[in-house]
file run.pdb (PDB, C-alpha atoms)
ATOM      1  CA  MET Z 175     -11.989 -16.274  34.497  1.00  0.00           C
ATOM      2  CA  SER Z 176     -12.230 -16.436  30.682  1.00  0.00           C
ATOM      3  CA  SER Z 177      -9.544 -14.611  28.758  1.00  0.00           C
ATOM      4  CA  GLN Z 178     -10.514 -11.728  26.512  1.00  0.00           C
ATOM      5  CA  PRO Z 179     -10.089 -12.301  22.746  1.00  0.00           C
ATOM      6  CA  ILE Z 180      -7.025 -10.628  21.243  1.00  0.00           C
ATOM      7  CA  PRO Z 181      -8.177  -7.722  19.059  1.00  0.00           C
ATOM      8  CA  THR Z 182      -7.114  -7.855  15.425  1.00  0.00           C
ATOM      9  CA  ARG Z 183      -4.855  -5.025  14.256  1.00  0.00           C
ATOM     10  CA  VAL Z 184      -3.291  -4.003  10.964  1.00  0.00           C
ATOM     11  CA  VAL Z 185       0.250  -3.112   9.945  1.00  0.00           C
ATOM     12  CA  LEU Z 186       0.152  -0.602   7.095  1.00  0.00           C
ATOM     13  CA  LEU Z 187       3.092  -1.211   4.754  1.00  0.00           C
ATOM     14  CA  THR Z 188       3.893   1.522   2.258  1.00  0.00           C
ATOM     15  CA  GLY Z 189       6.797   2.775   0.185  1.00  0.00           C
ATOM     16  CA  PRO Z 190       7.481   3.842  -3.407  1.00  0.00           C
ATOM     17  CA  SER Z 191       6.175   1.625  -6.193  1.00  0.00           C
ATOM     18  CA  GLY Z 192       8.696  -1.181  -6.687  1.00  0.00           C
ATOM     19  CA  SER Z 193      10.215  -0.925  -3.208  1.00  0.00           C
ATOM     20  CA  GLY Z 194       9.393  -4.569  -2.401  1.00  0.00           C
ATOM     21  CA  LYS Z 195       6.256  -4.245  -0.279  1.00  0.00           C
ATOM     22  CA  SER Z 196       4.449  -7.302  -1.644  1.00  0.00           C
ATOM     23  CA  SER Z 197       7.446  -9.626  -1.374  1.00  0.00           C
ATOM     24  CA  LEU Z 198       8.195  -8.418   2.162  1.00  0.00           C
ATOM     25  CA  ALA Z 199       4.579  -8.935   3.243  1.00  0.00           C
ATOM     26  CA  ALA Z 200       4.646 -12.451   1.757  1.00  0.00           C
ATOM     27  CA  ARG Z 201       7.796 -13.278   3.762  1.00  0.00           C
ATOM     28  CA  THR Z 202       5.994 -12.628   7.045  1.00  0.00           C
ATOM     29  CA  GLY Z 203       3.390 -15.358   6.475  1.00  0.00           C
ATOM     30  CA  LEU Z 204       0.724 -12.969   7.788  1.00  0.00           C
ATOM     31  CA  PRO Z 205      -2.608 -12.482   5.982  1.00  0.00           C
ATOM     32  CA  MET Z 206      -2.328  -9.671   3.445  1.00  0.00           C
ATOM     33  CA  LEU Z 207      -4.719  -7.105   2.006  1.00  0.00           C
ATOM     34  CA  ARG Z 208      -3.646  -5.622  -1.351  1.00  0.00           C
ATOM     35  CA  LEU Z 209      -4.536  -1.955  -1.230  1.00  0.00           C
ATOM     36  CA  ASP Z 210      -3.925  -1.621  -4.995  1.00  0.00           C
ATOM     37  CA  ASP Z 211      -7.284  -3.366  -5.466  1.00  0.00           C
ATOM     38  CA  PHE Z 212      -8.948  -0.145  -4.294  1.00  0.00           C
ATOM     39  CA  TYR Z 213      -7.807   1.927  -7.278  1.00  0.00           C
ATOM     40  CA  LYS Z 214     -10.572   3.832  -9.047  1.00  0.00           C
ATOM     41  CA  GLU Z 215     -11.578   2.572 -12.478  1.00  0.00           C
ATOM     42  CA  GLY Z 216     -10.142   4.152 -15.605  1.00  0.00           C
ATOM     43  CA  ASN Z 217     -13.448   5.798 -16.593  1.00  0.00           C
ATOM     44  CA  ASP Z 218     -13.892   7.548 -13.240  1.00  0.00           C
ATOM     45  CA  PRO Z 219     -14.228  11.307 -13.932  1.00  0.00           C
ATOM     46  CA  THR Z 220     -12.438  12.179 -10.673  1.00  0.00           C
ATOM     47  CA  LEU Z 221      -9.137  10.613 -11.754  1.00  0.00           C
ATOM     48  CA  PRO Z 222      -6.244  13.125 -11.651  1.00  0.00           C
ATOM     49  CA  GLN Z 223      -3.865  13.742 -14.548  1.00  0.00           C
ATOM     50  CA  VAL Z 224      -0.119  14.254 -14.553  1.00  0.00           C
ATOM     51  CA  THR Z 225       0.563  17.970 -14.921  1.00  0.00           C
ATOM     52  CA  GLY Z 226       1.365  18.815 -18.529  1.00  0.00           C
ATOM     53  CA  SER Z 227       0.606  15.296 -19.737  1.00  0.00           C
ATOM     54  CA  PRO Z 228      -2.441  13.325 -20.926  1.00  0.00           C
ATOM     55  CA  ASP Z 229      -1.428  10.451 -18.594  1.00  0.00           C
ATOM     56  CA  ILE Z 230      -3.612   9.580 -15.622  1.00  0.00           C
ATOM     57  CA  ASP Z 231      -1.662  10.103 -12.407  1.00  0.00           C
ATOM     58  CA  TRP Z 232      -1.971   6.673 -10.824  1.00  0.00           C
ATOM     59  CA  ASP Z 233       0.552   7.773  -8.176  1.00  0.00           C
ATOM     60  CA  SER Z 234      -1.787  10.401  -6.766  1.00  0.00           C
ATOM     61  CA  PRO Z 235      -3.921   9.374  -3.781  1.00  0.00           C
ATOM     62  CA  GLU Z 236      -6.857  10.932  -5.664  1.00  0.00           C
ATOM     63  CA  SER Z 237      -6.732   7.881  -7.974  1.00  0.00           C
ATOM     64  CA  TRP Z 238      -7.548   5.621  -5.046  1.00  0.00           C
ATOM     65  CA  ASP Z 239     -10.585   4.818  -2.855  1.00  0.00           C
ATOM     66  CA  ALA Z 240      -9.275   5.491   0.648  1.00  0.00           C
ATOM     67  CA  GLU Z 241     -12.739   5.245   2.215  1.00  0.00           C
ATOM     68  CA  GLY Z 242     -13.299   1.782   0.760  1.00  0.00           C
ATOM     69  CA  ALA Z 243      -9.877   0.612   1.922  1.00  0.00           C
ATOM     70  CA  VAL Z 244     -10.451   1.778   5.509  1.00  0.00           C
ATOM     71  CA  ALA Z 245     -13.896   0.143   5.546  1.00  0.00           C
ATOM     72  CA  ALA Z 246     -12.364  -3.184   4.444  1.00  0.00           C
ATOM     73  CA  ILE Z 247      -9.638  -2.956   7.101  1.00  0.00           C
ATOM     74  CA  ALA Z 248     -12.209  -2.164   9.794  1.00  0.00           C
ATOM     75  CA  GLU Z 249     -14.369  -5.133   8.778  1.00  0.00           C
ATOM     76  CA  LEU Z 250     -11.359  -7.484   8.782  1.00  0.00           C
ATOM     77  CA  CYS Z 251     -10.431  -6.317  12.268  1.00  0.00           C
ATOM     78  CA  ARG Z 252     -14.025  -6.747  13.452  1.00  0.00           C
ATOM     79  CA  SER Z 253     -15.092 -10.003  11.801  1.00  0.00           C
ATOM     80  CA  GLY Z 254     -12.044 -11.588  10.147  1.00  0.00           C
ATOM     81  CA  ARG Z 255     -13.523 -11.385   6.644  1.00  0.00           C
ATOM     82  CA  THR Z 256     -14.524  -8.800   4.071  1.00  0.00           C
ATOM     83  CA  HIS Z 257     -15.472  -8.439   0.416  1.00  0.00           C
ATOM     84  CA  ILE Z 258     -12.763  -6.757  -1.662  1.00  0.00           C
ATOM     85  CA  PRO Z 259     -12.652  -5.696  -5.307  1.00  0.00           C
ATOM     86  CA  VAL Z 260     -10.554  -7.607  -7.826  1.00  0.00           C
ATOM     87  CA  TYR Z 261      -8.661  -4.999  -9.837  1.00  0.00           C
ATOM     88  CA  ASP Z 262      -6.943  -5.450 -13.202  1.00  0.00           C
ATOM     89  CA  LEU Z 263      -4.109  -2.931 -13.482  1.00  0.00           C
ATOM     90  CA  ALA Z 264      -3.667  -3.515 -17.223  1.00  0.00           C
ATOM     91  CA  THR Z 265      -7.234  -2.430 -18.013  1.00  0.00           C
ATOM     92  CA  SER Z 266      -7.678  -0.094 -15.029  1.00  0.00           C
ATOM     93  CA  SER Z 267     -10.925  -1.801 -14.095  1.00  0.00           C
ATOM     94  CA  ARG Z 268     -12.584  -3.823 -11.369  1.00  0.00           C
ATOM     95  CA  THR Z 269     -13.324  -7.279 -12.731  1.00  0.00           C
ATOM     96  CA  GLY Z 270     -15.266  -8.662  -9.775  1.00  0.00           C
ATOM     97  CA  THR Z 271     -15.149  -9.141  -6.022  1.00  0.00           C
ATOM     98  CA  GLU Z 272     -13.800 -11.797  -3.706  1.00  0.00           C
ATOM     99  CA  VAL Z 273     -13.947 -12.600  -0.005  1.00  0.00           C
ATOM    100  CA  LEU Z 274     -10.759 -12.229   2.012  1.00  0.00           C
ATOM    101  CA  HIS Z 275     -10.612 -14.366   5.155  1.00  0.00           C
ATOM    102  CA  ILE Z 276      -7.967 -13.859   7.832  1.00  0.00           C
ATOM    103  CA  ASP Z 277      -9.564 -16.379  10.231  1.00  0.00           C
ATOM    104  CA  ARG Z 278      -8.613 -15.508  13.807  1.00  0.00           C
ATOM    105  CA  SER Z 279      -5.268 -13.919  13.046  1.00  0.00           C
ATOM    106  CA  PRO Z 280      -4.599 -11.058  15.505  1.00  0.00           C
ATOM    107  CA  LEU Z 281      -2.518  -9.250  12.869  1.00  0.00           C
ATOM    108  CA  PHE Z 282      -2.552  -8.707   9.126  1.00  0.00           C
ATOM    109  CA  VAL Z 283      -0.668  -6.540   6.631  1.00  0.00           C
ATOM    110  CA  ALA Z 284      -2.287  -3.995   4.309  1.00  0.00           C
ATOM    111  CA  GLU Z 285       0.252  -3.006   1.671  1.00  0.00           C
ATOM    112  CA  GLY Z 286       0.220  -0.390  -1.060  1.00  0.00           C
ATOM    113  CA  ILE Z 287       1.681   2.925  -2.164  1.00  0.00           C
ATOM    114  CA  PHE Z 288      -1.160   4.847  -0.495  1.00  0.00           C
ATOM    115  CA  ALA Z 289      -1.116   3.036   2.849  1.00  0.00           C
ATOM    116  CA  ALA Z 290       0.360   6.075   4.610  1.00  0.00           C
ATOM    117  CA  ASP Z 291      -2.674   8.113   3.569  1.00  0.00           C
ATOM    118  CA  ILE Z 292      -4.867   6.105   5.945  1.00  0.00           C
ATOM    119  CA  VAL Z 293      -2.492   5.909   8.924  1.00  0.00           C
ATOM    120  CA  ALA Z 294      -4.293   8.646  10.851  1.00  0.00           C
ATOM    121  CA  ARG Z 295      -7.744   7.210  10.171  1.00  0.00           C
ATOM    122  CA  CYS Z 296      -6.751   3.667  11.200  1.00  0.00           C
ATOM    123  CA  GLN Z 297      -5.156   5.043  14.352  1.00  0.00           C
ATOM    124  CA  GLU Z 298      -8.301   7.015  15.195  1.00  0.00           C
ATOM    125  CA  LEU Z 299     -10.345   3.819  14.846  1.00  0.00           C
ATOM    126  CA  GLY Z 300      -7.975   1.884  17.110  1.00  0.00           C
ATOM    127  CA  LEU Z 301      -7.005  -0.532  14.329  1.00  0.00           C
ATOM    128  CA  LEU Z 302      -3.312   0.280  13.866  1.00  0.00           C
ATOM    129  CA  ALA Z 303      -0.446  -1.891  15.106  1.00  0.00           C
ATOM    130  CA  ASP Z 304       2.291  -0.164  13.097  1.00  0.00           C
ATOM    131  CA  ALA Z 305       2.943   1.764   9.878  1.00  0.00           C
ATOM    132  CA  ILE Z 306       6.113   1.136   7.888  1.00  0.00           C
ATOM    133  CA  CYS Z 307       7.581   2.798   4.804  1.00  0.00           C
ATOM    134  CA  LEU Z 308      10.120   0.747   2.841  1.00  0.00           C
ATOM    135  CA  ARG Z 309      12.934   2.819   1.394  1.00  0.00           C
ATOM    136  CA  GLY Z 310      15.983   2.015  -0.700  1.00  0.00           C
ATOM    137  CA  ARG Z 311      18.055   3.284  -3.617  1.00  0.00           C
ATOM    138  CA  PRO Z 312      15.947   5.057  -6.275  1.00  0.00           C
ATOM    139  CA  SER Z 313      17.900   3.405  -9.108  1.00  0.00           C
ATOM    140  CA  THR Z 314      17.255  -0.059  -7.664  1.00  0.00           C
ATOM    141  CA  THR Z 315      13.567   0.718  -7.186  1.00  0.00           C
ATOM    142  CA  PHE Z 316      13.348   1.989 -10.776  1.00  0.00           C
ATOM    143  CA  ARG Z 317      14.829  -1.226 -12.173  1.00  0.00           C
ATOM    144  CA  ARG Z 318      12.726  -3.526 -10.001  1.00  0.00           C
ATOM    145  CA  ARG Z 319       9.519  -1.609 -10.782  1.00  0.00           C
ATOM    146  CA  LEU Z 320      10.108  -1.539 -14.544  1.00  0.00           C
ATOM    147  CA  LEU Z 321      10.930  -5.249 -14.781  1.00  0.00           C
ATOM    148  CA  ARG Z 322       7.842  -6.155 -12.742  1.00  0.00           C
ATOM    149  CA  ASP Z 323       5.498  -3.895 -14.692  1.00  0.00           C
ATOM    150  CA  LEU Z 324       6.801  -5.128 -18.049  1.00  0.00           C
ATOM    151  CA  ARG Z 325       6.515  -8.757 -16.933  1.00  0.00           C
ATOM    152  CA  GLU Z 326       2.938  -8.259 -15.768  1.00  0.00           C
ATOM    153  CA  GLY Z 327       1.930  -6.046 -18.704  1.00  0.00           C
ATOM    154  CA  ARG Z 328       0.510  -3.441 -16.373  1.00  0.00           C
ATOM    155  CA  LYS Z 329       0.521  -0.583 -18.882  1.00  0.00           C
ATOM    156  CA  SER Z 330       2.091   0.316 -22.247  1.00  0.00           C
ATOM    157  CA  VAL Z 331       5.895   0.458 -22.450  1.00  0.00           C
ATOM    158  CA  PRO Z 332       6.027   4.236 -23.172  1.00  0.00           C
ATOM    159  CA  PHE Z 333       3.739   4.915 -20.197  1.00  0.00           C
ATOM    160  CA  LEU Z 334       5.854   2.734 -17.907  1.00  0.00           C
ATOM    161  CA  LEU Z 335       9.076   4.459 -18.971  1.00  0.00           C
ATOM    162  CA  ARG Z 336       7.594   7.931 -18.438  1.00  0.00           C
ATOM    163  CA  ARG Z 337       6.184   6.954 -15.080  1.00  0.00           C
ATOM    164  CA  GLY Z 338       9.366   5.182 -13.993  1.00  0.00           C
ATOM    165  CA  TRP Z 339      11.593   8.148 -14.784  1.00  0.00           C
ATOM    166  CA  ARG Z 340       9.198  10.533 -13.003  1.00  0.00           C
ATOM    167  CA  LEU Z 341       9.038   8.336  -9.904  1.00  0.00           C
ATOM    168  CA  MET Z 342      12.797   7.837  -9.722  1.00  0.00           C
ATOM    169  CA  ARG Z 343      13.344  11.592  -9.671  1.00  0.00           C
ATOM    170  CA  SER Z 344      10.712  12.097  -6.970  1.00  0.00           C
ATOM    171  CA  GLU Z 345      11.358   8.995  -4.824  1.00  0.00           C
ATOM    172  CA  ARG Z 346      12.942  10.828  -1.917  1.00  0.00           C
ATOM    173  CA  ARG Z 347      10.023  13.261  -1.803  1.00  0.00           C
ATOM    174  CA  ILE Z 348       7.606  10.317  -1.849  1.00  0.00           C
ATOM    175  CA  VAL Z 349       9.318   8.725   1.147  1.00  0.00           C
ATOM    176  CA  ALA Z 350       9.387  12.071   2.982  1.00  0.00           C
ATOM    177  CA  ARG Z 351       5.653  12.507   2.432  1.00  0.00           C
ATOM    178  CA  GLN Z 352       4.825   8.989   3.626  1.00  0.00           C
ATOM    179  CA  THR Z 353       7.013   9.536   6.683  1.00  0.00           C
ATOM    180  CA  ALA Z 354       5.250  12.814   7.472  1.00  0.00           C
ATOM    181  CA  LEU Z 355       1.919  10.959   7.321  1.00  0.00           C
ATOM    182  CA  GLY Z 356       3.087   8.639  10.104  1.00  0.00           C
ATOM    183  CA  ALA Z 357       4.908   5.698   8.458  1.00  0.00           C
ATOM    184  CA  HIS Z 358       8.317   4.741   9.856  1.00  0.00           C
ATOM    185  CA  PRO Z 359      10.972   4.754   7.062  1.00  0.00           C
ATOM    186  CA  CYS Z 360      13.359   1.802   7.058  1.00  0.00           C
ATOM    187  CA  GLY Z 361      14.978  -0.991   5.054  1.00  0.00           C
ATOM    188  CA  LYS Z 362      13.688  -4.531   4.739  1.00  0.00           C
ATOM    189  CA  GLU Z 363      15.459  -6.063   7.729  1.00  0.00           C
ATOM    190  CA  GLU Z 364      14.254  -3.402  10.153  1.00  0.00           C
ATOM    191  CA  ALA Z 365      10.775  -3.673   8.656  1.00  0.00           C
ATOM    192  CA  LEU Z 366      10.764  -7.432   9.284  1.00  0.00           C
ATOM    193  CA  GLY Z 367      11.815  -6.762  12.870  1.00  0.00           C
ATOM    194  CA  ARG Z 368       8.981  -4.316  13.393  1.00  0.00           C
ATOM    195  CA  LEU Z 369       6.494  -6.759  11.867  1.00  0.00           C
ATOM    196  CA  ALA Z 370       7.760  -9.504  14.182  1.00  0.00           C
ATOM    197  CA  ALA Z 371       7.373  -7.149  17.159  1.00  0.00           C
ATOM    198  CA  ALA Z 372       3.822  -6.293  16.112  1.00  0.00           C
ATOM    199  CA  ALA Z 373       2.997  -9.992  15.740  1.00  0.00           C
ATOM    200  CA  ALA Z 374       4.291 -10.556  19.272  1.00  0.00           C
ATOM    201  CA  GLY Z 375       2.116  -7.731  20.569  1.00  0.00           C
ATOM    202  CA  ARG Z 376       4.968  -5.277  21.056  1.00  0.00           C
ATOM    203  CA  CYS Z 377       3.577  -2.439  18.961  1.00  0.00           C
ATOM    204  CA  ARG Z 378       5.825   0.546  18.277  1.00  0.00           C
ATOM    205  CA  ARG Z 379       3.276   3.163  17.293  1.00  0.00           C
ATOM    206  CA  THR Z 380       3.913   6.872  17.690  1.00  0.00           C
ATOM    207  CA  PRO Z 381       1.323   9.537  16.923  1.00  0.00           C
ATOM    208  CA  ALA Z 382       0.577   9.860  13.204  1.00  0.00           C
ATOM    209  CA  GLY Z 383       2.501  12.671  11.566  1.00  0.00           C
ATOM    210  CA  SER Z 384       5.269  12.640  14.196  1.00  0.00           C
ATOM    211  CA  GLY Z 385       7.862  11.352  11.732  1.00  0.00           C
ATOM    212  CA  ALA Z 386      10.483  13.482  10.001  1.00  0.00           C
ATOM    213  CA  ALA Z 387       9.041  15.985   7.599  1.00  0.00           C
TER
END

call {"tool": "encode", "arguments": {"input": "run.pdb", "output": "structure tokens"}}
result
Amino acid sequence: MSSQPIPTRVVLLTGPSGSGKSSLAARTGLPMLRLDDFYKEGNDPTLPQVTGSPDIDWDSPESWDAEGAVAAIAELCRSGRTHIPVYDLATSSRTGTEVLHIDRSPLFVAEGIFAADIVARCQELGLLADAICLRGRPSTTFRRRLLRDLREGRKSVPFLLRRGWRLMRSERRIVARQTALGAHPCGKEEALGRLAAAAAGRCRRTPAGSGAA
């Protein structure tokens, strides 16, 4: 009797900006989808603004194309390849598209600050292996985020300082929200353990939204 093909599933990896999602995903050796590439472009009239400021609120899920991200994840799970946008954070624009191949991998990681916002949808579609929220010390996250953003020239220095200070003050609320949306909050070592379990087929999913509020 022929064996059934192993269905491809996704681990959604979220956490505050600068929490180490990309480096953790790279350590696993699994194929990775960068959810930041699904940001809306800077001239999109639906972009939200920071209250009381002229700054665009790039930390609001309204600045991001959740529908496009879920469609890409579904296509990767179904066919092992999908077209994804190439996004330039410095200019807030899509500069092209590229094809992401995951071959026959039964598991891949989709990482980004809005990953928790699509936990419920991915679970409904039967695509979810696990959802993880990286958490740490807000001061450490602030330093790591600022150094990375300055090195990569993501935005102007004044913008990065304003954003960094705002995110440091709200980091615990960010983690609480991502947890409430169904992502399991943990440090890097536990996250690696959960990713290893998912890769071995020992998924640890609980219903979305069952985490601590």

call {"tool": "closest_residue", "arguments": {"input": "run.pdb", "among": "Z:Leu308, Z:Ala374, Z:Leu274, Z:Val244", "to": "Cys360 (chain Z)", "atoms": "all atoms listed in the file"}}
result
Z:Leu308

call {"tool": "atom_distance", "arguments": {"input": "run.pdb", "atom1": "CA of Ala354 (chain Z)", "atom2": "CA of Arg336 (chain Z)"}}
result
26.5 Å

call {"tool": "resolve_selection", "arguments": {"input": "run.pdb", "expression": "the PyMOL selection byres ((chain Z and resi 358) around 8)", "output": "tab-separated table (two decimals) with C-alpha atoms, keeping the file's coordinate frame"}}
result
chain	number	residue	atom	x	y	z
Z	305	ALA	CA	2.94	1.76	9.88
Z	306	ILE	CA	6.11	1.14	7.89
Z	307	CYS	CA	7.58	2.80	4.80
Z	353	THR	CA	7.01	9.54	6.68
Z	356	GLY	CA	3.09	8.64	10.10
Z	357	ALA	CA	4.91	5.70	8.46
Z	359	PRO	CA	10.97	4.75	7.06
Z	360	CYS	CA	13.36	1.80	7.06
Z	385	GLY	CA	7.86	11.35	11.73

call {"tool": "resolve_selection", "arguments": {"input": "run.pdb", "expression": "the PyMOL selection byres ((chain Z and resi 370) around 12)", "output": "ChimeraX atom specification"}}
result
/Z:185,199,201-204,281-283,303-304,363-369,371-378

call {"tool": "residues_near_point", "arguments": {"input": "run.pdb", "point": "(-4.0, -6.0, 8.5)", "cutoff": "8 Å", "atoms": "only C-alpha atoms", "output": "compact mmCIF listing (two decimals) with C-alpha atoms, in the coordinates of the input"}}
result
# COMPACT_ATOMS: atom_id res chain seq x y z
CA THR Z 182 -7.11 -7.86 15.42
CA ARG Z 183 -4.86 -5.03 14.26
CA VAL Z 184 -3.29 -4.00 10.96
CA VAL Z 185 0.25 -3.11 9.94
CA LEU Z 186 0.15 -0.60 7.10
CA PRO Z 205 -2.61 -12.48 5.98
CA MET Z 206 -2.33 -9.67 3.44
CA LEU Z 207 -4.72 -7.10 2.01
CA ILE Z 247 -9.64 -2.96 7.10
CA LEU Z 250 -11.36 -7.48 8.78
CA CYS Z 251 -10.43 -6.32 12.27
CA LEU Z 281 -2.52 -9.25 12.87
CA PHE Z 282 -2.55 -8.71 9.13
CA VAL Z 283 -0.67 -6.54 6.63
CA ALA Z 284 -2.29 -4.00 4.31

call {"tool": "closest_residue", "arguments": {"input": "run.pdb", "among": "Z:Gly194, Z:Gly338, Z:Pro181, Z:Pro312", "to": "Leu324 (chain Z)", "atoms": "only C-alpha atoms"}}
result
Z:Gly338

call {"tool": "closest_residue", "arguments": {"input": "run.pdb", "among": "Z:Leu302, Z:Ile276, Z:Val260, Z:Ala245", "to": "Leu187 (chain Z)", "atoms": "all atoms listed in the file"}}
result
Z:Leu302

call {"tool": "residues_around", "arguments": {"input": "run.pdb", "residues": "region 319-323 of chain Z", "least_positions_apart": "3", "cutoff": "7 Å", "atoms": "all atoms listed in the file", "output": "number ranges by chain"}}
result
Z: 191-192, 315-316, 326-328, 334, 338

call {"tool": "atom_distance", "arguments": {"input": "run.pdb", "atom1": "CA of Gly286 (chain Z)", "atom2": "CA of Pro228 (chain Z)"}}
result
24.3 Å

call {"tool": "atom_distance", "arguments": {"input": "run.pdb", "atom1": "CA of Glu285 (chain Z)", "atom2": "CA of Asp210 (chain Z)"}}
result
8.0 Å

call {"tool": "closest_residue", "arguments": {"input": "run.pdb", "among": "Z:Asn217, Z:Ala200, Z:Arg309, Z:Arg340", "to": "Gly361 (chain Z)", "atoms": "all atoms listed in the file"}}
result
Z:Arg309

call {"tool": "closest_residue", "arguments": {"input": "run.pdb", "among": "Z:Glu345, Z:Glu298, Z:Asp262, Z:Asp211", "to": "Ala246 (chain Z)", "atoms": "all atoms listed in the file"}}
result
Z:Asp211

call {"tool": "closest_residue", "arguments": {"input": "run.pdb", "among": "Z:Asp291, Z:Val331, Z:Lys214, Z:Trp339", "to": "Ser313 (chain Z)", "atoms": "all atoms listed in the file"}}
result
Z:Trp339

call {"tool": "resolve_selection", "arguments": {"input": "run.pdb", "expression": "the PyMOL selection byres ((chain Z and resi 270) around 6)", "output": "number ranges by chain"}}
result
Z: 259-260, 268-269, 271

call {"tool": "axis_aligned_box", "arguments": {"input": "run.pdb", "around": "region 281-287 of chain Z", "padding_each_side": "6 Å", "output": "JSON"}}
result
{"center_x": -0.4, "center_y": -3.2, "center_z": 5.4, "size_x": 16.2, "size_y": 24.2, "size_z": 27.0}

call {"tool": "residues_around", "arguments": {"input": "run.pdb", "residues": "Asp277 (chain Z)", "least_positions_apart": "5", "cutoff": "9 Å", "atoms": "all atoms listed in the file", "output": "list in words"}}
result
Ser253, Gly254 and Arg255 of chain Z

call {"tool": "residues_around", "arguments": {"input": "run.pdb", "residues": "Ala243 (chain Z)", "least_positions_apart": "5", "cutoff": "9 Å", "atoms": "all atoms listed in the file", "output": "NGL selection string"}}
result
:Z and (209 or 211-212 or 238 or 248 or 258 or 292)
